[in-house]
Amino acid sequence: MLIYLAKSKKRAVVTSTLIAAAALIGAMIVLPWDIELSQSARNSRMPGDLRRFILLMEVFAHSLGCAMILGTLLWIDEKNRGKLWGVAGFVIVCGALANLAKYIIPRWRPNTYDGAIWSILNPNRDPSVPVPSSWVTWGTPFTESWFREEIRSFPSGHTATAVAMAIGLSYVYPRGKYLFLFMASIAALQRLIAGAHYLSDILVSVALALMIGLAWGFLPGMRRRHAS
């Protein structure tokens, strides 16, 4: 679907690939400081209304919120119903693959460390104890329980879903692409502010959604459908 956001397929491929590569490189750069960045972001002072706005934007990334948005559009926009069904499938695939990765690669969520003696968010923190490296947040692949929500940090399913929503809705309603991009960005920020994901989790999810978007847009069946 990304091929419809640029003036040409080549430009869409190049732009999306560069953004995905930048997101992956950024994830590798911030990875050693994930814990500190997460706690610093949550400890930052911001107006209460702004924080509430950021937290409420989870609706653009949550499965039920996306179902309500797409369901409403499917109900009222008969002209674009076929495209919207394609968008729904794309969003489901992005979210499902991100969540599958969670089960394979366990990682403790940032908020599980809030009570640690070194945590910035712990009022009884010991300032003499340094924040440990973010490498301690990882578990051993395939060895942790699939049903423990606290170890399902990597990658961010919400972020992958929000980026997929932005890509898909921009394909159907190109005039709103900057609004959809803004909503996806705030939804991703919400995951950081809420202590649900690290910054590297979010950046990897952005790259994941972009790559799936490219593959989805160039599927032979999709090309024939939109060429007709």
# chains A, B, ... in the order shown; residues from 1 in each chain; ligands from 1
>>> closest_atom_pairs(of="segment 90-159 of chain A", to="segment 27-34 of chain A", cutoff="8 Å", atoms="only C-alpha atoms", output="Markdown table")
| residue | atom | partner | partner_atom | distance |
| --- | --- | --- | --- | --- |
| A:Ser133 | CA | A:Pro32 | CA | 6.1 |
| A:Ser134 | CA | A:Pro32 | CA | 5.3 |
| A:Trp135 | CA | A:Pro32 | CA | 6.8 |
>>> residues_around(residues="segment 116-118 of chain A", least_positions_apart="5", cutoff="10 Å", atoms="only C-alpha atoms", output="VMD selection string")
chain A and resid 123 to 132
>>> write_last_selection(atoms="all heavy atoms", output="PDB file, in the first residue's frame")
ATOM      1  N   PRO A 123      10.257   6.389  44.467  1.00  0.00           N
ATOM      2  CA  PRO A 123      10.527   7.499  45.402  1.00  0.00           C
ATOM      3  C   PRO A 123      11.597   7.151  46.429  1.00  0.00           C
ATOM      4  O   PRO A 123      12.187   8.041  47.041  1.00  0.00           O
ATOM      5  CB  PRO A 123       9.170   7.736  46.068  1.00  0.00           C
ATOM      6  CG  PRO A 123       8.428   6.443  45.894  1.00  0.00           C
ATOM      7  CD  PRO A 123       8.889   5.890  44.587  1.00  0.00           C
ATOM      8  N   ASN A 124      11.871   5.861  46.638  1.00  0.00           N
ATOM      9  CA  ASN A 124      12.883   5.429  47.606  1.00  0.00           C
ATOM     10  C   ASN A 124      14.159   4.953  46.914  1.00  0.00           C
ATOM     11  O   ASN A 124      14.910   4.159  47.468  1.00  0.00           O
ATOM     12  CB  ASN A 124      12.313   4.295  48.469  1.00  0.00           C
ATOM     13  CG  ASN A 124      11.085   4.727  49.237  1.00  0.00           C
ATOM     14  OD1 ASN A 124      11.057   5.802  49.824  1.00  0.00           O
ATOM     15  ND2 ASN A 124      10.052   3.888  49.220  1.00  0.00           N
ATOM     16  N   ARG A 125      14.377   5.471  45.718  1.00  0.00           N
ATOM     17  CA  ARG A 125      15.531   5.019  44.947  1.00  0.00           C
ATOM     18  C   ARG A 125      16.844   5.335  45.656  1.00  0.00           C
ATOM     19  O   ARG A 125      16.944   6.302  46.436  1.00  0.00           O
ATOM     20  CB  ARG A 125      15.535   5.661  43.560  1.00  0.00           C
ATOM     21  CG  ARG A 125      15.837   7.157  43.551  1.00  0.00           C
ATOM     22  CD  ARG A 125      15.764   7.719  42.134  1.00  0.00           C
ATOM     23  NE  ARG A 125      16.776   7.161  41.267  1.00  0.00           N
ATOM     24  CZ  ARG A 125      17.936   7.741  41.002  1.00  0.00           C
ATOM     25  NH1 ARG A 125      18.232   8.908  41.547  1.00  0.00           N
ATOM     26  NH2 ARG A 125      18.802   7.184  40.189  1.00  0.00           N
ATOM     27  N   ASP A 126      17.832   4.512  45.379  1.00  0.00           N
ATOM     28  CA  ASP A 126      19.171   4.714  45.926  1.00  0.00           C
ATOM     29  C   ASP A 126      20.014   5.364  44.833  1.00  0.00           C
ATOM     30  O   ASP A 126      20.403   4.712  43.863  1.00  0.00           O
ATOM     31  CB  ASP A 126      19.772   3.374  46.338  1.00  0.00           C
ATOM     32  CG  ASP A 126      21.134   3.519  47.003  1.00  0.00           C
ATOM     33  OD1 ASP A 126      21.684   4.639  46.979  1.00  0.00           O
ATOM     34  OD2 ASP A 126      21.640   2.511  47.530  1.00  0.00           O
ATOM     35  N   PRO A 127      20.313   6.659  44.957  1.00  0.00           N
ATOM     36  CA  PRO A 127      21.049   7.356  43.890  1.00  0.00           C
ATOM     37  C   PRO A 127      22.466   6.846  43.693  1.00  0.00           C
ATOM     38  O   PRO A 127      23.089   7.108  42.664  1.00  0.00           O
ATOM     39  CB  PRO A 127      21.055   8.813  44.359  1.00  0.00           C
ATOM     40  CG  PRO A 127      20.862   8.743  45.846  1.00  0.00           C
ATOM     41  CD  PRO A 127      19.991   7.549  46.075  1.00  0.00           C
ATOM     42  N   SER A 128      22.974   6.092  44.650  1.00  0.00           N
ATOM     43  CA  SER A 128      24.335   5.575  44.512  1.00  0.00           C
ATOM     44  C   SER A 128      24.394   4.308  43.661  1.00  0.00           C
ATOM     45  O   SER A 128      25.483   3.870  43.273  1.00  0.00           O
ATOM     46  CB  SER A 128      24.929   5.264  45.894  1.00  0.00           C
ATOM     47  OG  SER A 128      24.216   4.219  46.527  1.00  0.00           O
ATOM     48  N   VAL A 129      23.221   3.736  43.368  1.00  0.00           N
ATOM     49  CA  VAL A 129      23.169   2.516  42.563  1.00  0.00           C
ATOM     50  C   VAL A 129      22.941   2.897  41.112  1.00  0.00           C
ATOM     51  O   VAL A 129      21.920   3.511  40.781  1.00  0.00           O
ATOM     52  CB  VAL A 129      22.051   1.573  43.045  1.00  0.00           C
ATOM     53  CG1 VAL A 129      21.996   0.321  42.174  1.00  0.00           C
ATOM     54  CG2 VAL A 129      22.268   1.200  44.508  1.00  0.00           C
ATOM     55  N   PRO A 130      23.844   2.569  40.215  1.00  0.00           N
ATOM     56  CA  PRO A 130      23.676   2.955  38.805  1.00  0.00           C
ATOM     57  C   PRO A 130      22.589   2.142  38.122  1.00  0.00           C
ATOM     58  O   PRO A 130      22.298   1.009  38.512  1.00  0.00           O
ATOM     59  CB  PRO A 130      25.053   2.644  38.202  1.00  0.00           C
ATOM     60  CG  PRO A 130      25.600   1.548  39.061  1.00  0.00           C
ATOM     61  CD  PRO A 130      25.092   1.838  40.446  1.00  0.00           C
ATOM     62  N   VAL A 131      21.994   2.755  37.116  1.00  0.00           N
ATOM     63  CA  VAL A 131      20.995   2.051  36.313  1.00  0.00           C
ATOM     64  C   VAL A 131      21.695   0.967  35.505  1.00  0.00           C
ATOM     65  O   VAL A 131      22.695   1.243  34.835  1.00  0.00           O
ATOM     66  CB  VAL A 131      20.276   3.032  35.371  1.00  0.00           C
ATOM     67  CG1 VAL A 131      19.281   2.276  34.491  1.00  0.00           C
ATOM     68  CG2 VAL A 131      19.564   4.108  36.169  1.00  0.00           C
ATOM     69  N   PRO A 132      21.225  -0.273  35.567  1.00  0.00           N
ATOM     70  CA  PRO A 132      21.895  -1.351  34.833  1.00  0.00           C
ATOM     71  C   PRO A 132      21.722  -1.211  33.328  1.00  0.00           C
ATOM     72  O   PRO A 132      20.853  -0.479  32.850  1.00  0.00           O
ATOM     73  CB  PRO A 132      21.198  -2.616  35.345  1.00  0.00           C
ATOM     74  CG  PRO A 132      19.849  -2.150  35.789  1.00  0.00           C
ATOM     75  CD  PRO A 132      20.069  -0.755  36.325  1.00  0.00           C
TER      76      PRO A 132
END
>>> residues_around(residues="Asn111 of chain A", least_positions_apart="2", cutoff="9 Å", atoms="only C-alpha atoms", output="list in words")
Ser38, Gln39, Trp108, Arg109, Tyr113, Asp114, Gly115, Glu150, Ala194, Gly195, Ala196 and His197 of chain A
>>> write_last_selection(atoms="N, CA, C and O atoms", output="PDB file, in the first residue's frame")
ATOM      1  N   SER A  38      13.567   5.358  28.781  1.00  0.00           N
ATOM      2  CA  SER A  38      12.171   5.100  29.128  1.00  0.00           C
ATOM      3  C   SER A  38      11.790   5.803  30.417  1.00  0.00           C
ATOM      4  O   SER A  38      10.764   6.494  30.489  1.00  0.00           O
ATOM      5  N   GLN A  39      12.610   5.660  31.442  1.00  0.00           N
ATOM      6  CA  GLN A  39      12.267   6.265  32.725  1.00  0.00           C
ATOM      7  C   GLN A  39      12.391   7.781  32.689  1.00  0.00           C
ATOM      8  O   GLN A  39      11.607   8.484  33.340  1.00  0.00           O
ATOM      9  N   TRP A 108      11.461  -7.987  29.081  1.00  0.00           N
ATOM     10  CA  TRP A 108      10.695  -7.401  30.182  1.00  0.00           C
ATOM     11  C   TRP A 108      10.304  -5.968  29.847  1.00  0.00           C
ATOM     12  O   TRP A 108      11.116  -5.179  29.379  1.00  0.00           O
ATOM     13  N   ARG A 109       9.047  -5.643  30.111  1.00  0.00           N
ATOM     14  CA  ARG A 109       8.560  -4.284  29.838  1.00  0.00           C
ATOM     15  C   ARG A 109       9.214  -3.279  30.786  1.00  0.00           C
ATOM     16  O   ARG A 109       9.607  -3.625  31.912  1.00  0.00           O
ATOM     17  N   TYR A 113      10.390  -2.553  36.004  1.00  0.00           N
ATOM     18  CA  TYR A 113      11.567  -2.121  36.762  1.00  0.00           C
ATOM     19  C   TYR A 113      11.294  -0.881  37.614  1.00  0.00           C
ATOM     20  O   TYR A 113      12.216  -0.356  38.241  1.00  0.00           O
ATOM     21  N   ASP A 114      10.054  -0.430  37.634  1.00  0.00           N
ATOM     22  CA  ASP A 114       9.771   0.832  38.329  1.00  0.00           C
ATOM     23  C   ASP A 114      10.023   0.765  39.829  1.00  0.00           C
ATOM     24  O   ASP A 114      10.291   1.774  40.463  1.00  0.00           O
ATOM     25  N   GLY A 115       9.919  -0.422  40.409  1.00  0.00           N
ATOM     26  CA  GLY A 115      10.127  -0.552  41.849  1.00  0.00           C
ATOM     27  C   GLY A 115      11.564  -0.826  42.240  1.00  0.00           C
ATOM     28  O   GLY A 115      11.864  -0.944  43.436  1.00  0.00           O
ATOM     29  N   GLU A 150       4.048  -9.227  31.074  1.00  0.00           N
ATOM     30  CA  GLU A 150       5.153  -8.355  31.462  1.00  0.00           C
ATOM     31  C   GLU A 150       6.443  -8.640  30.689  1.00  0.00           C
ATOM     32  O   GLU A 150       7.385  -7.846  30.762  1.00  0.00           O
ATOM     33  N   ALA A 194       3.683   5.396  28.616  1.00  0.00           N
ATOM     34  CA  ALA A 194       2.964   4.459  29.471  1.00  0.00           C
ATOM     35  C   ALA A 194       3.875   3.415  30.097  1.00  0.00           C
ATOM     36  O   ALA A 194       3.440   2.646  30.963  1.00  0.00           O
ATOM     37  N   GLY A 195       5.128   3.353  29.673  1.00  0.00           N
ATOM     38  CA  GLY A 195       6.047   2.370  30.215  1.00  0.00           C
ATOM     39  C   GLY A 195       5.804   0.971  29.689  1.00  0.00           C
ATOM     40  O   GLY A 195       6.224  -0.022  30.310  1.00  0.00           O
ATOM     41  N   ALA A 196       5.138   0.879  28.539  1.00  0.00           N
ATOM     42  CA  ALA A 196       4.830  -0.429  27.964  1.00  0.00           C
ATOM     43  C   ALA A 196       5.934  -0.929  27.039  1.00  0.00           C
ATOM     44  O   ALA A 196       6.081  -2.139  26.840  1.00  0.00           O
ATOM     45  N   HIS A 197       6.698   0.012  26.458  1.00  0.00           N
ATOM     46  CA  HIS A 197       7.741  -0.365  25.502  1.00  0.00           C
ATOM     47  C   HIS A 197       8.928   0.582  25.610  1.00  0.00           C
ATOM     48  O   HIS A 197       8.795   1.736  26.018  1.00  0.00           O
TER      49      HIS A 197
END
>>> closest_residue(among="A:Ile120, A:Ala20, A:Val91, A:Leu214", to="Ala166 of chain A", atoms="only C-alpha atoms")
A:Val91
>>> closest_atom_pairs(of="segment 92-163 of chain A", to="segment 203-213 of chain A", cutoff="9 Å", atoms="only C-alpha atoms", output="JSON lines")
{"residue": "A:Val93", "atom": "CA", "partner": "A:Ile212", "partner_atom": "CA", "distance": 8.4}
{"residue": "A:Cys94", "atom": "CA", "partner": "A:Ala209", "partner_atom": "CA", "distance": 5.9}
{"residue": "A:Gly95", "atom": "CA", "partner": "A:Ala209", "partner_atom": "CA", "distance": 8.6}
{"residue": "A:Leu97", "atom": "CA", "partner": "A:Leu208", "partner_atom": "CA", "distance": 8.8}
{"residue": "A:Ala98", "atom": "CA", "partner": "A:Ser205", "partner_atom": "CA", "distance": 7.2}
{"residue": "A:Phe154", "atom": "CA", "partner": "A:Val204", "partner_atom": "CA", "distance": 8.5}
{"residue": "A:Pro155", "atom": "CA", "partner": "A:Ser205", "partner_atom": "CA", "distance": 5.7}
{"residue": "A:Ser156", "atom": "CA", "partner": "A:Ser205", "partner_atom": "CA", "distance": 5.7}
{"residue": "A:Gly157", "atom": "CA", "partner": "A:Ser205", "partner_atom": "CA", "distance": 7.1}
{"residue": "A:His158", "atom": "CA", "partner": "A:Ser205", "partner_atom": "CA", "distance": 8.6}
{"residue": "A:Thr159", "atom": "CA", "partner": "A:Ser205", "partner_atom": "CA", "distance": 6.0}
{"residue": "A:Ala160", "atom": "CA", "partner": "A:Ser205", "partner_atom": "CA", "distance": 4.9}
{"residue": "A:Thr161", "atom": "CA", "partner": "A:Ala209", "partner_atom": "CA", "distance": 7.6}
{"residue": "A:Ala162", "atom": "CA", "partner": "A:Ala209", "partner_atom": "CA", "distance": 8.9}
{"residue": "A:Val163", "atom": "CA", "partner": "A:Ala209", "partner_atom": "CA", "distance": 6.3}
>>> closest_residue(among="A:Ala12, A:Leu64, A:Ile167, A:Ile186", to="Val87 of chain A", atoms="only C-alpha atoms")
A:Ile167
>>> atom_distance(atom1="atom CA of Arg42 of chain A", atom2="atom CA of Phe180 of chain A")
24.4 Å
>>> closest_residue(among="A:Ala215, A:Ile35, A:Leu121, A:Ala164", to="Trp138 of chain A", atoms="only C-alpha atoms")
A:Ile35
>>> select_by_dssp(residues="segment 82-153 of chain A", states="alpha helix (DSSP H)", output="number ranges by chain")
A: 82-104
>>> write_last_selection(atoms="N, CA, C and O atoms", output="PDB file, in the first residue's frame")
ATOM      1  N   GLY A  82     -14.158  -1.642  -0.642  1.00  0.00           N
ATOM      2  CA  GLY A  82     -13.196  -2.654  -1.074  1.00  0.00           C
ATOM      3  C   GLY A  82     -11.789  -2.340  -0.614  1.00  0.00           C
ATOM      4  O   GLY A  82     -11.059  -3.218  -0.137  1.00  0.00           O
ATOM      5  N   LYS A  83     -11.379  -1.078  -0.747  1.00  0.00           N
ATOM      6  CA  LYS A  83     -10.056  -0.669  -0.297  1.00  0.00           C
ATOM      7  C   LYS A  83      -9.926  -0.804   1.219  1.00  0.00           C
ATOM      8  O   LYS A  83      -8.879  -1.220   1.733  1.00  0.00           O
ATOM      9  N   LEU A  84     -10.993  -0.460   1.928  1.00  0.00           N
ATOM     10  CA  LEU A  84     -10.947  -0.512   3.378  1.00  0.00           C
ATOM     11  C   LEU A  84     -10.808  -1.943   3.894  1.00  0.00           C
ATOM     12  O   LEU A  84     -10.150  -2.177   4.912  1.00  0.00           O
ATOM     13  N   TRP A  85     -11.414  -2.892   3.199  1.00  0.00           N
ATOM     14  CA  TRP A  85     -11.216  -4.293   3.585  1.00  0.00           C
ATOM     15  C   TRP A  85      -9.745  -4.677   3.418  1.00  0.00           C
ATOM     16  O   TRP A  85      -9.197  -5.425   4.224  1.00  0.00           O
ATOM     17  N   GLY A  86      -9.118  -4.180   2.361  1.00  0.00           N
ATOM     18  CA  GLY A  86      -7.688  -4.424   2.181  1.00  0.00           C
ATOM     19  C   GLY A  86      -6.865  -3.808   3.297  1.00  0.00           C
ATOM     20  O   GLY A  86      -5.906  -4.415   3.780  1.00  0.00           O
ATOM     21  N   VAL A  87      -7.236  -2.606   3.712  1.00  0.00           N
ATOM     22  CA  VAL A  87      -6.552  -1.942   4.819  1.00  0.00           C
ATOM     23  C   VAL A  87      -6.696  -2.758   6.098  1.00  0.00           C
ATOM     24  O   VAL A  87      -5.729  -2.947   6.851  1.00  0.00           O
ATOM     25  N   ALA A  88      -7.904  -3.249   6.358  1.00  0.00           N
ATOM     26  CA  ALA A  88      -8.138  -4.045   7.562  1.00  0.00           C
ATOM     27  C   ALA A  88      -7.248  -5.280   7.578  1.00  0.00           C
ATOM     28  O   ALA A  88      -6.648  -5.629   8.610  1.00  0.00           O
ATOM     29  N   GLY A  89      -7.129  -5.949   6.425  1.00  0.00           N
ATOM     30  CA  GLY A  89      -6.263  -7.120   6.352  1.00  0.00           C
ATOM     31  C   GLY A  89      -4.812  -6.769   6.598  1.00  0.00           C
ATOM     32  O   GLY A  89      -4.084  -7.495   7.299  1.00  0.00           O
ATOM     33  N   PHE A  90      -4.384  -5.666   6.046  1.00  0.00           N
ATOM     34  CA  PHE A  90      -3.004  -5.209   6.218  1.00  0.00           C
ATOM     35  C   PHE A  90      -2.705  -4.898   7.678  1.00  0.00           C
ATOM     36  O   PHE A  90      -1.653  -5.295   8.216  1.00  0.00           O
ATOM     37  N   VAL A  91      -3.620  -4.212   8.348  1.00  0.00           N
ATOM     38  CA  VAL A  91      -3.435  -3.872   9.758  1.00  0.00           C
ATOM     39  C   VAL A  91      -3.371  -5.137  10.611  1.00  0.00           C
ATOM     40  O   VAL A  91      -2.536  -5.256  11.522  1.00  0.00           O
ATOM     41  N   ILE A  92      -4.238  -6.087  10.311  1.00  0.00           N
ATOM     42  CA  ILE A  92      -4.253  -7.345  11.073  1.00  0.00           C
ATOM     43  C   ILE A  92      -2.930  -8.086  10.911  1.00  0.00           C
ATOM     44  O   ILE A  92      -2.368  -8.604  11.882  1.00  0.00           O
ATOM     45  N   VAL A  93      -2.419  -8.145   9.686  1.00  0.00           N
ATOM     46  CA  VAL A  93      -1.163  -8.849   9.437  1.00  0.00           C
ATOM     47  C   VAL A  93      -0.011  -8.185  10.195  1.00  0.00           C
ATOM     48  O   VAL A  93       0.808  -8.866  10.833  1.00  0.00           O
ATOM     49  N   CYS A  94       0.077  -6.855  10.146  1.00  0.00           N
ATOM     50  CA  CYS A  94       1.154  -6.145  10.851  1.00  0.00           C
ATOM     51  C   CYS A  94       1.085  -6.404  12.352  1.00  0.00           C
ATOM     52  O   CYS A  94       2.101  -6.710  12.996  1.00  0.00           O
ATOM     53  N   GLY A  95      -0.104  -6.282  12.921  1.00  0.00           N
ATOM     54  CA  GLY A  95      -0.253  -6.516  14.352  1.00  0.00           C
ATOM     55  C   GLY A  95       0.042  -7.953  14.739  1.00  0.00           C
ATOM     56  O   GLY A  95       0.686  -8.214  15.764  1.00  0.00           O
ATOM     57  N   ALA A  96      -0.410  -8.901  13.904  1.00  0.00           N
ATOM     58  CA  ALA A  96      -0.209 -10.315  14.211  1.00  0.00           C
ATOM     59  C   ALA A  96       1.267 -10.688  14.168  1.00  0.00           C
ATOM     60  O   ALA A  96       1.765 -11.425  15.037  1.00  0.00           O
ATOM     61  N   LEU A  97       2.005 -10.204  13.160  1.00  0.00           N
ATOM     62  CA  LEU A  97       3.426 -10.529  13.062  1.00  0.00           C
ATOM     63  C   LEU A  97       4.225  -9.912  14.214  1.00  0.00           C
ATOM     64  O   LEU A  97       5.152 -10.531  14.739  1.00  0.00           O
ATOM     65  N   ALA A  98       3.863  -8.692  14.588  1.00  0.00           N
ATOM     66  CA  ALA A  98       4.546  -8.064  15.724  1.00  0.00           C
ATOM     67  C   ALA A  98       4.293  -8.844  17.004  1.00  0.00           C
ATOM     68  O   ALA A  98       5.212  -9.059  17.812  1.00  0.00           O
ATOM     69  N   ASN A  99       3.064  -9.295  17.201  1.00  0.00           N
ATOM     70  CA  ASN A  99       2.746 -10.056  18.406  1.00  0.00           C
ATOM     71  C   ASN A  99       3.371 -11.444  18.373  1.00  0.00           C
ATOM     72  O   ASN A  99       3.742 -11.989  19.417  1.00  0.00           O
ATOM     73  N   LEU A 100       3.508 -12.033  17.193  1.00  0.00           N
ATOM     74  CA  LEU A 100       4.193 -13.316  17.092  1.00  0.00           C
ATOM     75  C   LEU A 100       5.650 -13.180  17.538  1.00  0.00           C
ATOM     76  O   LEU A 100       6.182 -14.062  18.234  1.00  0.00           O
ATOM     77  N   ALA A 101       6.280 -12.077  17.143  1.00  0.00           N
ATOM     78  CA  ALA A 101       7.676 -11.846  17.548  1.00  0.00           C
ATOM     79  C   ALA A 101       7.794 -11.739  19.065  1.00  0.00           C
ATOM     80  O   ALA A 101       8.813 -12.143  19.645  1.00  0.00           O
ATOM     81  N   LYS A 102       6.761 -11.214  19.731  1.00  0.00           N
ATOM     82  CA  LYS A 102       6.797 -11.094  21.185  1.00  0.00           C
ATOM     83  C   LYS A 102       6.944 -12.452  21.847  1.00  0.00           C
ATOM     84  O   LYS A 102       7.635 -12.603  22.854  1.00  0.00           O
ATOM     85  N   TYR A 103       6.258 -13.443  21.297  1.00  0.00           N
ATOM     86  CA  TYR A 103       6.295 -14.773  21.880  1.00  0.00           C
ATOM     87  C   TYR A 103       7.652 -15.448  21.657  1.00  0.00           C
ATOM     88  O   TYR A 103       8.077 -16.282  22.448  1.00  0.00           O
ATOM     89  N   ILE A 104       8.309 -15.095  20.567  1.00  0.00           N
ATOM     90  CA  ILE A 104       9.587 -15.711  20.238  1.00  0.00           C
ATOM     91  C   ILE A 104      10.741 -15.053  20.990  1.00  0.00           C
ATOM     92  O   ILE A 104      11.679 -15.717  21.449  1.00  0.00           O
TER      93      ILE A 104
END
>>> closest_residue(among="A:Gly168, A:Arg107, A:Val136, A:Arg52", to="Arg148 of chain A", atoms="only C-alpha atoms")
A:Arg107
>>> residues_around(residues="Ile193 of chain A", least_positions_apart="3", cutoff="12 Å", atoms="only C-alpha atoms", output="ChimeraX atom specification")
/A:37-46,50-58,110-111,186-190,196-199,202
>>> write_last_selection(atoms="N, CA and C atoms", output="short mmCIF file (atom, residue, chain, number, x, y, z; two decimals), in the first residue's frame")
data_model
loop_
_atom_site.label_atom_id
_atom_site.label_comp_id
_atom_site.auth_asym_id
_atom_site.auth_seq_id
_atom_site.Cartn_x
_atom_site.Cartn_y
_atom_site.Cartn_z
N LEU A 37 16.28 5.92 29.02
CA LEU A 37 15.44 6.75 28.17
C LEU A 37 13.97 6.58 28.51
N SER A 38 13.57 5.36 28.78
CA SER A 38 12.17 5.10 29.13
C SER A 38 11.79 5.80 30.42
N GLN A 39 12.61 5.66 31.44
CA GLN A 39 12.27 6.26 32.72
C GLN A 39 12.39 7.78 32.69
N SER A 40 13.32 8.28 31.93
CA SER A 40 13.45 9.74 31.80
C SER A 40 12.22 10.32 31.09
N ALA A 41 11.74 9.63 30.05
CA ALA A 41 10.57 10.10 29.33
C ALA A 41 9.34 10.11 30.23
N ARG A 42 9.20 9.08 31.05
CA ARG A 42 8.03 9.00 31.92
C ARG A 42 8.14 9.94 33.12
N ASN A 43 9.36 10.29 33.48
CA ASN A 43 9.57 11.19 34.60
C ASN A 43 9.55 12.65 34.20
N SER A 44 9.49 12.90 32.89
CA SER A 44 9.49 14.28 32.41
C SER A 44 8.18 14.97 32.76
N ARG A 45 8.28 16.26 33.00
CA ARG A 45 7.10 17.03 33.37
C ARG A 45 6.45 17.58 32.11
N MET A 46 5.15 17.36 31.99
CA MET A 46 4.39 17.92 30.89
C MET A 46 3.00 18.26 31.40
N LEU A 50 -1.91 17.51 28.12
CA LEU A 50 -1.09 16.96 27.05
C LEU A 50 -0.81 15.49 27.31
N ARG A 51 -0.50 15.15 28.55
CA ARG A 51 -0.26 13.74 28.88
C ARG A 51 -1.51 12.91 28.65
N ARG A 52 -2.66 13.44 29.04
CA ARG A 52 -3.90 12.69 28.83
C ARG A 52 -4.19 12.52 27.34
N PHE A 53 -3.91 13.54 26.55
CA PHE A 53 -4.10 13.43 25.10
C PHE A 53 -3.22 12.33 24.52
N ILE A 54 -1.96 12.30 24.95
CA ILE A 54 -1.04 11.27 24.45
C ILE A 54 -1.53 9.88 24.84
N LEU A 55 -1.96 9.73 26.08
CA LEU A 55 -2.42 8.43 26.54
C LEU A 55 -3.70 8.00 25.82
N LEU A 56 -4.59 8.94 25.54
CA LEU A 56 -5.84 8.61 24.85
C LEU A 56 -5.61 8.19 23.40
N MET A 57 -4.48 8.61 22.81
CA MET A 57 -4.22 8.28 21.41
C MET A 57 -3.94 6.79 21.21
N GLU A 58 -3.90 6.03 22.29
CA GLU A 58 -3.75 4.58 22.16
C GLU A 58 -4.88 3.98 21.32
N PRO A 110 9.31 -2.02 30.37
CA PRO A 110 9.95 -1.01 31.21
C PRO A 110 9.32 -0.85 32.58
N ASN A 111 7.99 -0.94 32.67
CA ASN A 111 7.33 -0.68 33.95
C ASN A 111 7.57 -1.79 34.97
N ILE A 186 1.90 9.92 17.71
CA ILE A 186 1.48 10.12 19.09
C ILE A 186 1.15 8.78 19.75
N ALA A 187 0.55 7.86 18.97
CA ALA A 187 0.25 6.53 19.51
C ALA A 187 1.53 5.81 19.90
N ALA A 188 2.58 5.96 19.08
CA ALA A 188 3.87 5.35 19.41
C ALA A 188 4.47 6.00 20.66
N LEU A 189 4.35 7.33 20.77
CA LEU A 189 4.85 8.03 21.95
C LEU A 189 4.11 7.57 23.20
N GLN A 190 2.83 7.27 23.04
CA GLN A 190 2.04 6.79 24.18
C GLN A 190 2.61 5.52 24.77
N ALA A 196 5.14 0.88 28.54
CA ALA A 196 4.83 -0.43 27.96
C ALA A 196 5.93 -0.93 27.04
N HIS A 197 6.70 0.01 26.46
CA HIS A 197 7.74 -0.37 25.50
C HIS A 197 8.93 0.58 25.61
N TYR A 198 10.07 0.07 25.19
CA TYR A 198 11.28 0.87 25.09
C TYR A 198 11.31 1.56 23.72
N LEU A 199 12.16 2.56 23.62
CA LEU A 199 12.26 3.28 22.35
C LEU A 199 12.71 2.36 21.23
N ILE A 202 9.84 0.42 19.75
CA ILE A 202 8.99 1.25 18.90
C ILE A 202 9.62 1.43 17.52
#
>>> atom_distance(atom1="atom CA of Gly71 of chain A", atom2="atom CA of Tyr178 of chain A")
21.6 Å
>>> atom_distance(atom1="atom CA of Ile105 of chain A", atom2="atom CA of Leu24 of chain A")
16.5 Å
